[in-house]
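Let me begin by presenting the structure, written as structure tokens, before commenting on it.
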Amino acid sequence: MKKLSARRRHPLAAVVVLLLALAATGGLYTAFAPASKAKADDTAQSLTIEEGKKLYEVGCATCHGTGGQGTTDGPSLVGVGAASVDFQVGTGRMPAQQQGAQIPKKRVQYTQAEIDQLAAYIASLGAGPPVPTKNQYSPEGADIAKGGELFRTNCAQCHNFSGKGGALTHGKYAPDLEGVSPKHIYEAMQTGPQNMPSFPDTVMTEKNKKDIIAYLNEVNGDDTVSRGGLELGGLGPVVEGLFAWVFGLGTLIAVAVWVAARTAKAKKS
């Protein structure tokens, strides 16, 4: 009888066993769940890169080389980053139709999903600026006055003070920034496409870039009123002076000719 009572289990033994089992299950979940999620993310990223490589081989490899190393027809893409691809392809500049002093903006050839795939593949070739998040380029809460000061100091020499663009040397030009999306403006500042210098965060902070975007949105907004009368393309005093000389002086000459003709007729009569 003593043997039997010694082997009898405590009433709480079953509860303890159950709690241990639950703890073990939770521990296993904690140990394996994050790993499974990370593995799934890696797989999805690998598939995105693989799809991007296929698109690259069809539409880009002819000029930039099979591994993005560049050729005589196109520069190396190793290290340019995803932001550069998103800008160039997202604005239709790439794929380029032909070589020239500058590749113009045109109709976009790829969907945004395909652009993301191309960007992922190019980013896998070498570290470079990533595609910015909405929080980075959104002008919400930015300092418009500070943005105007920064734009006039760093950008107006080429794009003029209101971002209307302007001519450069050897057939190059600074494009009009009106209607360009905030994301693409941010990416252009970050990567420095074509003739433009780059402004990484070490040179111009993320906040400063937001300020410039806010200024451009304000100065080119639909509700913005020009206090100077006719804008004449917003190209500044040189154009305004030329307008005055051509039309003002031309009008004065026409009036002088008309007066002289009337005077001559009056004398004859």
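Naming scheme: A, B, ... for chains in displayed order of the structure tokens; residues 1 onward per chain; ligands 1 onward as shown.
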Name all residues at most 9 Å from segment 111-127 of chain A (count only C-alpha atoms; drop same-chain ones fewer than 5 positions away) and give them as a list in words.
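The residues that qualify are Gln45, Leu47, Thr48, Ile49, Glu50, Glu51, Gly52, Lys53, Lys54, Leu55, Tyr56, Gly67, Gly68, Leu77, Val78, Gly79, Val80, Gly81, Ala82, Ala83, Ser84, Val85, Asp86, Val89 and Gly90 of chain A.
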Give the strand (DSSP E) residues of segment 60-258 of chain A, as assigned by DSSP on the backbone, as an MDAnalysis selection string.
chainID A and resid 166:167 173:174
Requested write-out: N, CA and C atoms of the selected residues, as a PDB file, in the first residue's frame:
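What ended up in result29.pdb:
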ATOM      1  N   GLY A 166      16.558  76.084 -68.122  1.00  0.00           N
ATOM      2  CA  GLY A 166      17.368  77.019 -68.889  1.00  0.00           C
ATOM      3  C   GLY A 166      18.417  76.312 -69.710  1.00  0.00           C
ATOM      4  N   ALA A 167      19.010  77.011 -70.653  1.00  0.00           N
ATOM      5  CA  ALA A 167      20.004  76.436 -71.559  1.00  0.00           C
ATOM      6  C   ALA A 167      21.366  76.355 -70.886  1.00  0.00           C
ATOM      7  N   TYR A 173      20.850  71.254 -71.304  1.00  0.00           N
ATOM      8  CA  TYR A 173      19.905  72.191 -70.706  1.00  0.00           C
ATOM      9  C   TYR A 173      19.469  71.680 -69.337  1.00  0.00           C
ATOM     10  N   ALA A 174      19.043  72.604 -68.516  1.00  0.00           N
ATOM     11  CA  ALA A 174      18.442  72.262 -67.223  1.00  0.00           C
ATOM     12  C   ALA A 174      16.940  72.166 -67.433  1.00  0.00           C
TER      13      ALA A 174
END
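Going from atom CA of Gln99 of chain A over to atom CA of Asp73 of chain A, you cover 7.8 Å.
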For the interface of segment 70-115 of chain A with segment 57-62 of chain A (cut-off 10 Å, counting only C-alpha atoms), please tabulate each contacting residue of segment 70-115 of chain A alongside its nearest pair of atoms and their separation in Å to one decimal, rows sorted by chain and increasing number, as a tab-separated table.
residue	atom	partner	partner_atom	distance
A:Gly70	CA	A:Ala61	CA	8.6
A:Thr71	CA	A:Thr62	CA	8.5
A:Asp73	CA	A:Thr62	CA	8.3
A:Gly74	CA	A:Thr62	CA	8.6
A:Met94	CA	A:Cys60	CA	8.5
A:Pro95	CA	A:Cys60	CA	6.7
A:Ala96	CA	A:Cys60	CA	9.2
For the selection you just gave me, I'd like the residues written to a file as a compact mmCIF listing (two decimals), in the first residue's frame, keeping all heavy atoms.
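Output file out-v6.txt follows:
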# COMPACT_ATOMS: atom_id res chain seq x y z
N GLY A 70 29.01 48.64 -67.92
CA GLY A 70 29.11 49.76 -68.85
C GLY A 70 29.80 49.39 -70.15
O GLY A 70 30.54 48.41 -70.22
N THR A 71 29.53 50.16 -71.19
CA THR A 71 30.15 49.99 -72.50
C THR A 71 30.45 51.38 -73.07
O THR A 71 30.25 52.40 -72.39
CB THR A 71 29.22 49.24 -73.48
OG1 THR A 71 28.09 50.08 -73.79
CG2 THR A 71 28.72 47.93 -72.89
N ASP A 73 28.70 52.77 -75.15
CA ASP A 73 27.38 53.39 -75.40
C ASP A 73 26.65 53.77 -74.12
O ASP A 73 25.61 54.44 -74.17
CB ASP A 73 26.50 52.44 -76.22
CG ASP A 73 27.02 52.25 -77.62
OD1 ASP A 73 27.56 53.21 -78.18
OD2 ASP A 73 26.90 51.12 -78.15
N GLY A 74 27.14 53.33 -72.97
CA GLY A 74 26.45 53.62 -71.72
C GLY A 74 27.36 53.45 -70.52
O GLY A 74 28.23 52.57 -70.54
N MET A 94 15.13 56.69 -69.50
CA MET A 94 15.69 55.38 -69.85
C MET A 94 14.54 54.39 -70.05
O MET A 94 13.55 54.45 -69.32
CB MET A 94 16.63 54.89 -68.75
CG MET A 94 17.92 55.68 -68.65
SD MET A 94 18.95 55.37 -70.07
CE MET A 94 20.03 56.82 -70.04
N PRO A 95 14.67 53.50 -71.00
CA PRO A 95 15.74 53.34 -71.97
C PRO A 95 15.79 54.52 -72.94
O PRO A 95 14.76 55.04 -73.35
CB PRO A 95 15.38 52.05 -72.70
CG PRO A 95 14.38 51.36 -71.84
CD PRO A 95 13.65 52.44 -71.13
N ALA A 96 17.01 54.92 -73.31
CA ALA A 96 17.19 56.07 -74.20
C ALA A 96 16.88 55.67 -75.65
O ALA A 96 17.20 54.56 -76.08
CB ALA A 96 18.63 56.58 -74.11
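If you count only C-alpha atoms and ignore residues fewer than 5 places along the chain from segment 200-212 of chain A, what sits within 9 Å of it is Pro129, Gln136, Tyr137, Ser138, Pro139, Glu140, Gly141, Ala142, Asp143, Ile144, Ala145, Lys146, Gly147, Gly148, Glu149, Leu150, Phe151, Pro182, Ile185, Tyr186, Met189, Gln190, Thr191, Gly192 and Asn217 of chain A.
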How would you write, as an MDAnalysis selection string, the set of residues in segment 45-177 of chain A that DSSP gives as helix (DSSP H, G or I)?
chainID A and resid 45:59 61:64 81:90 112:125 134:137 144:154 156:159
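Compared by their closest atoms to Ser198 of chain A, and using only C-alpha atoms, the residues A:Ala214, A:Leu242, A:Cys155, A:Val219 rank with A:Cys155 nearest.
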